[in-house]
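Read the structure below first, then the notes.
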Amino acid sequence: MKWLFDNPILVAQLRLAWRTGHVLPGLIIFGLVYGTILLSGIGAETEAEEGTLVKTLRKWDVLWVVLVQSMSLVLGGFSKVSREIQEDRSAGVLDFHRISPVSPGRILAGYLVGAPAREWLLGAMGATASLVFVWRGQLAFQSWLVVQALMISTAVLAHVFGAFVGQTLKRRGPVVLGAVGFVFLMMPNSFASGTSLLNFVVPSTALTQVFERELPPNIGRFFLMVARPRLFGVVCDPLMLTWLVQAVLTLLIGRAAWRRIRDPESAVLSRAEALALFLFLTVLQFGLITGARWLAGVGTVLAAVGLAFGAGGVILFGQTAQPWRLRKQFRRQRKEGCARPWLETAVGWSVFFAAVTTALLMVALLQMNPRLRPTSIQFAPAMALMAASFGATFLQLALVVESLRLWLGRRSPGFQGTALFVLWVMPFIVGLFFAERIECIALSPLASSPLLLHGLMTPWWLEPEEIRGIVTGLVLHWLVVIAFGALWWWQRQKVRATLAAES
Amino acid sequence: MAGPVLELDCLRVDYDTVCAVHDLSLQLLPGDVYGLVGPNGAGKTTTLRATAGLLEPTYGRVRIRGFDLHRQPHEAKRLIGFTPDHSPAYNDLTVWEYLDLYASAYELPRERRGPRISECIAMAWLQEKHDALVGGLSRGMKQRLMLARTLLHDPPVMLLDEPASGLDPLGRRELRDLLVRLREAGKAILISSHILSEMSAFCTKMGVMERGRLVKQGTVADLAGLLPKAQKVFVRTAKPGWGETPSSLPVVGGVPRAEARQSLAPPSEDGTRLEDLLRAESHVIGIEPRDGAVVFDWTGSDAEAAELLRRLVNAGVAIIEFRPHAVDMEEIFLRTGVKELS
């Protein structure tokens, strides 16, 4: 405990939180909000008790309390942590902490506990307000505990993410808006099949399971639509799944924030951590769609593949070496007496990502279509085509990011980079309008959609014309890879030549 | 004899395509005060930031009392005190709270923190600001606060980046006295400053940086030895030669710009006669008006200088001051030929 409470950063953050004078007004405002919710709920319903009418709380008003609590604790805390760290970073205060003997872990803990102190107080106020529902017998104490535990785990994840954002981005606004949008986007989805991993990042799915038991029938009916998630066919408790996802993400994002405090120039995650993150996300996502047999379709499978590409793309973007770092590596390499450094490139990663995605998809198809056999005549060639398609897409992502960074010599893509990316993405979009020839036009995983479609049907049989279309698409796909590969190679050679010419 | 407390070995720092510090090596012993001088963009601040561990060098090593800064950061960081050229601070903390934060960060025992903070506040002349909010301090006061923060854990190696910036003349004098005391206490200090004239008062070694390279280094005497053998002589007449010559006159290579020269008040009769007489002397070169007097390079011997003085007096020039002009850091800096980059 000494490690945490004798933490200079924590003490300073607590002093700052108190000094800025926002604590008391915040407590008063949120006290009024909670008071209004509770008072407006009282009297709205009446219950007969021993012949007398007794005013009681509206049961579902607890949802409003939880919503306000999550806004103050989760979103408010995220915003506070990211703002404090970002301000300290730009003012140079974080540099001072960094050169002191305080370890990066203690610095991070100081910000995570100290900066959102007011938000934790507001959260505690919300917990107390919702305790009124327990007291009035509207909510089981165990359910209240579960809800509060979910609030805390979500808040910790959000705050850790805030610490990472504060050290990485200059503009927090779009991230805050994106986070709010993400939460609201996920809320309606949580009532659906439970096949999306993203529904277990936010607590909405788990909360609906809690309230399903607690709320009156007219409200509860709504929650009964929620399907229990199945992981590779095994029914899972959504609460446990949410905590598992949140715990892993908290650990990995926390690790990224820690690495950035230790060395602001370092990669976001180590290679092993980044690969573990990709594995975790894709295995869980494919596991979820594999379990939900009754809803499985090309769309669901494509969404899972899309998540794999999304996660892979973000990891590649975050981990790909910056041009200045590559130059530094080259210079070190050239300097006599320096150990030959590993020349950073994400090309190998893309191969790994493609292999993992293909393997998981293969398992998912075999699970979803019990009559499909690995020995089916077209299974192996179809999987090879799928692997080639995924490999090409991941390679393109890696090569585009790396060659653009080398070419343009800056961290953000800028206008030229964005324009090139739009050109690259265009066939994906055009392909959507020409579904009958999608495999030729869309140089993307969409090219595999006929394979997926047939994979879910029995017997699996592709017409020769369809096979020709897929192969044509793949050839085009790989031509683009070769083009980007050439650009990548040329840029690296150019950097080498420039550095060799340095005096 | 004690070994070096600070060693920079072949240090190189790059900012993408710009090499900010190029293969810099230097060693500081206890009691060394090493002054880094150079024009803007020469790499002084980058050197200090890389030495403090804020920048990862492309290659090269920084060792503090033998601890490698990148391999043994925890041990090395305790031994460094760093004052940056700006003042990053929490505006909503008081001076005492701010110093308490870093006293705790540098793991000073709780019972020693209070007395040590008061001691450092006194050393940085901030006694009256003990409970003032940092945000309310002037720039100079913040600079003093940064200095107090640097002194808190009594580090054997101090890195000071422009510590005098923002200080008033009194503050500069106090800083100079403090640095002399620290030097006498055996601290190794690496300091960068633009106020060159003051650095000779406390620096034991100097290095001139240009475009990331250390172009000259040695003691102040060593660097003065690099100057031309001519001795500078300062002559003031009863009626100044060149009207009101401001000390901040724009100078290129030791000679005021032509337009600036023209803007000066015309010389008095004494001044004109003095200049004419000096021009006729074979040992006199580079006559230059300065602060209402005349400074010139003298290539002759001391006896010949005495003879020159006699001739000037006999010619009726009312001389009230005639002395060798001490070579200062500014002179050394200008004569080493480095150019302004920005």
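In the structure tokens, chains take the letters A, B, ... in the order shown, each chain's residues start at 1, and ligands count up from 1 in the order shown.
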Determine, using only C-alpha atoms, which residues of chain B have any atom at most 7 Å from an atom of chain A, and tabulate each with its shortest atom pair and distance in Å to one decimal place, rows ordered by chain and then rising number, as a Markdown table.
| residue | atom | partner | partner_atom | distance |
| --- | --- | --- | --- | --- |
| B:Asp16 | CA | A:Trp324 | CA | 4.4 |
| B:Ala52 | CA | A:Ile99 | CA | 6.9 |
| B:Gly53 | CA | A:Ile99 | CA | 6.4 |
| B:Leu54 | CA | A:Asp95 | CA | 6.7 |
| B:Thr58 | CA | A:Lys328 | CA | 5.7 |
| B:Tyr59 | CA | A:Arg332 | CA | 6.3 |
| B:His74 | CA | A:Pro101 | CA | 5.6 |
| B:Lys77 | CA | A:Pro101 | CA | 5.9 |
| B:Arg78 | CA | A:Pro101 | CA | 6.0 |
| B:Pro88 | CA | A:Val93 | CA | 5.2 |
| B:Ala89 | CA | A:Val93 | CA | 6.1 |
| B:Asp92 | CA | A:Leu16 | CA | 6.1 |
| B:Leu93 | CA | A:Leu16 | CA | 6.6 |
| B:Leu101 | CA | A:Pro8 | CA | 5.2 |
| B:Ser104 | CA | A:Pro8 | CA | 5.7 |
| B:Ala105 | CA | A:Pro8 | CA | 5.7 |
| B:Tyr106 | CA | A:Pro101 | CA | 6.0 |
Could you turn the residues from that selection into a file that holds C-alpha atoms, as a PDB file, in the first residue's frame?
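Contents of the output file selection-v2.pdb:
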ATOM      1  CA  ASP B  16      14.789  12.374 -37.883  1.00  0.00           C
ATOM      2  CA  ALA B  52      19.306  13.756 -18.323  1.00  0.00           C
ATOM      3  CA  GLY B  53      17.717  10.720 -19.982  1.00  0.00           C
ATOM      4  CA  LEU B  54      14.891  12.567 -21.701  1.00  0.00           C
ATOM      5  CA  THR B  58      21.028   7.241 -31.567  1.00  0.00           C
ATOM      6  CA  TYR B  59      24.167   5.756 -30.077  1.00  0.00           C
ATOM      7  CA  HIS B  74      17.197   3.902 -11.555  1.00  0.00           C
ATOM      8  CA  LYS B  77      18.681   9.148 -12.282  1.00  0.00           C
ATOM      9  CA  ARG B  78      19.105   9.642  -8.532  1.00  0.00           C
ATOM     10  CA  PRO B  88       7.282  23.039 -16.334  1.00  0.00           C
ATOM     11  CA  ALA B  89       5.294  23.197 -13.123  1.00  0.00           C
ATOM     12  CA  ASP B  92      -2.195  25.132  -8.840  1.00  0.00           C
ATOM     13  CA  LEU B  93       0.331  23.857  -6.311  1.00  0.00           C
ATOM     14  CA  LEU B 101       6.293  16.438  -4.697  1.00  0.00           C
ATOM     15  CA  SER B 104       9.077  12.567  -2.240  1.00  0.00           C
ATOM     16  CA  ALA B 105       9.842  11.538  -5.826  1.00  0.00           C
ATOM     17  CA  TYR B 106      13.571  11.512  -5.024  1.00  0.00           C
TER      18      TYR B 106
END
- Item | Residue contacts of Ala124 in chain B (10 Å, only C-alpha atoms) excluding same-chain residues fewer than 4 positions away, as a ChimeraX atom specification | /B:118-120,141,143-149,151,171,174-175,178
- Note on the structure: Between CA of Ser200 in chain B and CA of Phe322 in chain B lies a distance of 23.2 Å
- Item | range 80-325 of chain A: residues DSSP assigns to alpha helix (DSSP H), reported as a PyMOL selection string | chain A and resi 80-91+93-99+104-114+117-135+141-168+173-189+204-214+217-223+238-262+271-291+298-319+323-325
- Query: Quick one: distance from CA of Ser270 in chain A to CA of Val160 in chain A in Å, one decimal?
  - Reply: 17.6 Å
- A:Leu157, A:Ala304, A:Ala419, A:Leu395: which is nearest Val248 in chain A, counting only C-alpha atoms?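 Closest residue, counting only C-alpha atoms: A:Leu157.
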- Counting only C-alpha atoms, the residue of A:Pro104, A:Gly110, A:Ala163, A:Tyr34 that sits nearest Ala124 in chain A: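 Using only C-alpha atoms, the shortest distance to Ala124 in chain A belongs to A:Tyr34.
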- Nearest to Val351 in chain A, chosen from A:Leu122, A:Ile261, A:Leu397, A:Leu27, with only C-alpha atoms counted in the distances: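 Answer, going by the shortest atom-to-atom distance: A:Leu397.
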- Message: I need the residues of range 77-243 of chain A that end up classed as strand (DSSP E) by DSSP on the backbone, written out as an MDAnalysis selection string.
- Response: chainID A and resid 230:231 234:235
Please identify all polymer residues within 8 Å of Glu402 in chain A, counting only C-alpha atoms, omitting same-chain residues fewer than 3 positions from it, and present them as a PDB file with N, CA, C and O atoms, in the first residue's frame.
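This is the output file out-v4.pdb:
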ATOM      1  N   THR A 320       3.927  -0.343 -36.350  1.00  0.00           N
ATOM      2  CA  THR A 320       4.850  -0.104 -37.455  1.00  0.00           C
ATOM      3  C   THR A 320       5.834   0.996 -37.076  1.00  0.00           C
ATOM      4  O   THR A 320       5.442   2.026 -36.528  1.00  0.00           O
ATOM      5  N   ALA A 321       7.095   0.741 -37.361  1.00  0.00           N
ATOM      6  CA  ALA A 321       8.131   1.692 -36.951  1.00  0.00           C
ATOM      7  C   ALA A 321       7.944   3.039 -37.635  1.00  0.00           C
ATOM      8  O   ALA A 321       7.613   3.106 -38.817  1.00  0.00           O
ATOM      9  N   THR A 345      10.093  -4.134 -39.106  1.00  0.00           N
ATOM     10  CA  THR A 345       9.093  -4.143 -40.169  1.00  0.00           C
ATOM     11  C   THR A 345       7.928  -5.015 -39.722  1.00  0.00           C
ATOM     12  O   THR A 345       8.111  -5.966 -38.962  1.00  0.00           O
ATOM     13  N   ALA A 346       6.743  -4.659 -40.192  1.00  0.00           N
ATOM     14  CA  ALA A 346       5.542  -5.388 -39.772  1.00  0.00           C
ATOM     15  C   ALA A 346       5.135  -6.429 -40.815  1.00  0.00           C
ATOM     16  O   ALA A 346       4.050  -7.008 -40.694  1.00  0.00           O
ATOM     17  N   ALA A 398       0.198  -3.566 -44.161  1.00  0.00           N
ATOM     18  CA  ALA A 398       1.531  -3.325 -43.594  1.00  0.00           C
ATOM     19  C   ALA A 398       2.401  -2.517 -44.551  1.00  0.00           C
ATOM     20  O   ALA A 398       3.054  -1.544 -44.152  1.00  0.00           O
ATOM     21  N   LEU A 399       2.377  -2.901 -45.827  1.00  0.00           N
ATOM     22  CA  LEU A 399       3.241  -2.223 -46.805  1.00  0.00           C
ATOM     23  C   LEU A 399       2.794  -0.783 -47.042  1.00  0.00           C
ATOM     24  O   LEU A 399       3.626   0.111 -47.185  1.00  0.00           O
ATOM     25  N   ARG A 405       4.869   5.940 -44.572  1.00  0.00           N
ATOM     26  CA  ARG A 405       5.619   6.614 -43.501  1.00  0.00           C
ATOM     27  C   ARG A 405       7.026   6.965 -43.971  1.00  0.00           C
ATOM     28  O   ARG A 405       7.539   8.039 -43.678  1.00  0.00           O
ATOM     29  N   LEU A 406       7.625   6.047 -44.698  1.00  0.00           N
ATOM     30  CA  LEU A 406       8.976   6.324 -45.199  1.00  0.00           C
ATOM     31  C   LEU A 406       8.946   7.393 -46.280  1.00  0.00           C
ATOM     32  O   LEU A 406       9.804   8.263 -46.351  1.00  0.00           O
ATOM     33  N   TRP A 488       7.682   0.050 -51.095  1.00  0.00           N
ATOM     34  CA  TRP A 488       8.266  -0.140 -49.758  1.00  0.00           C
ATOM     35  C   TRP A 488       9.784  -0.360 -49.864  1.00  0.00           C
ATOM     36  O   TRP A 488      10.565   0.270 -49.168  1.00  0.00           O
TER      37      TRP A 488
END
- Can you tell me, as a list of chain:residue names, what residues are no more than 8 Å from Ala103 in chain B when counting only C-alpha atoms, ignoring any on the same chain fewer than 6 positions away?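 The filter keeps B:Arg113, B:Ile117, B:Leu152, B:His153.
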Export of the given selection (N, CA and C atoms) as a short mmCIF file (atom, residue, chain, number, x, y, z; two decimals), in the first residue's frame:
data_model
loop_
_atom_site.label_atom_id
_atom_site.label_comp_id
_atom_site.auth_asym_id
_atom_site.auth_seq_id
_atom_site.Cartn_x
_atom_site.Cartn_y
_atom_site.Cartn_z
N ARG B 113 12.32 15.82 4.72
CA ARG B 113 11.80 16.61 3.59
C ARG B 113 11.59 18.07 3.94
N ILE B 117 13.48 21.10 2.14
CA ILE B 117 12.73 22.01 1.26
C ILE B 117 13.00 23.46 1.68
N LEU B 152 17.18 19.80 -4.54
CA LEU B 152 16.50 19.08 -3.46
C LEU B 152 17.22 17.82 -2.99
N HIS B 153 17.59 16.96 -3.94
CA HIS B 153 18.15 15.67 -3.54
C HIS B 153 19.68 15.68 -3.52
#
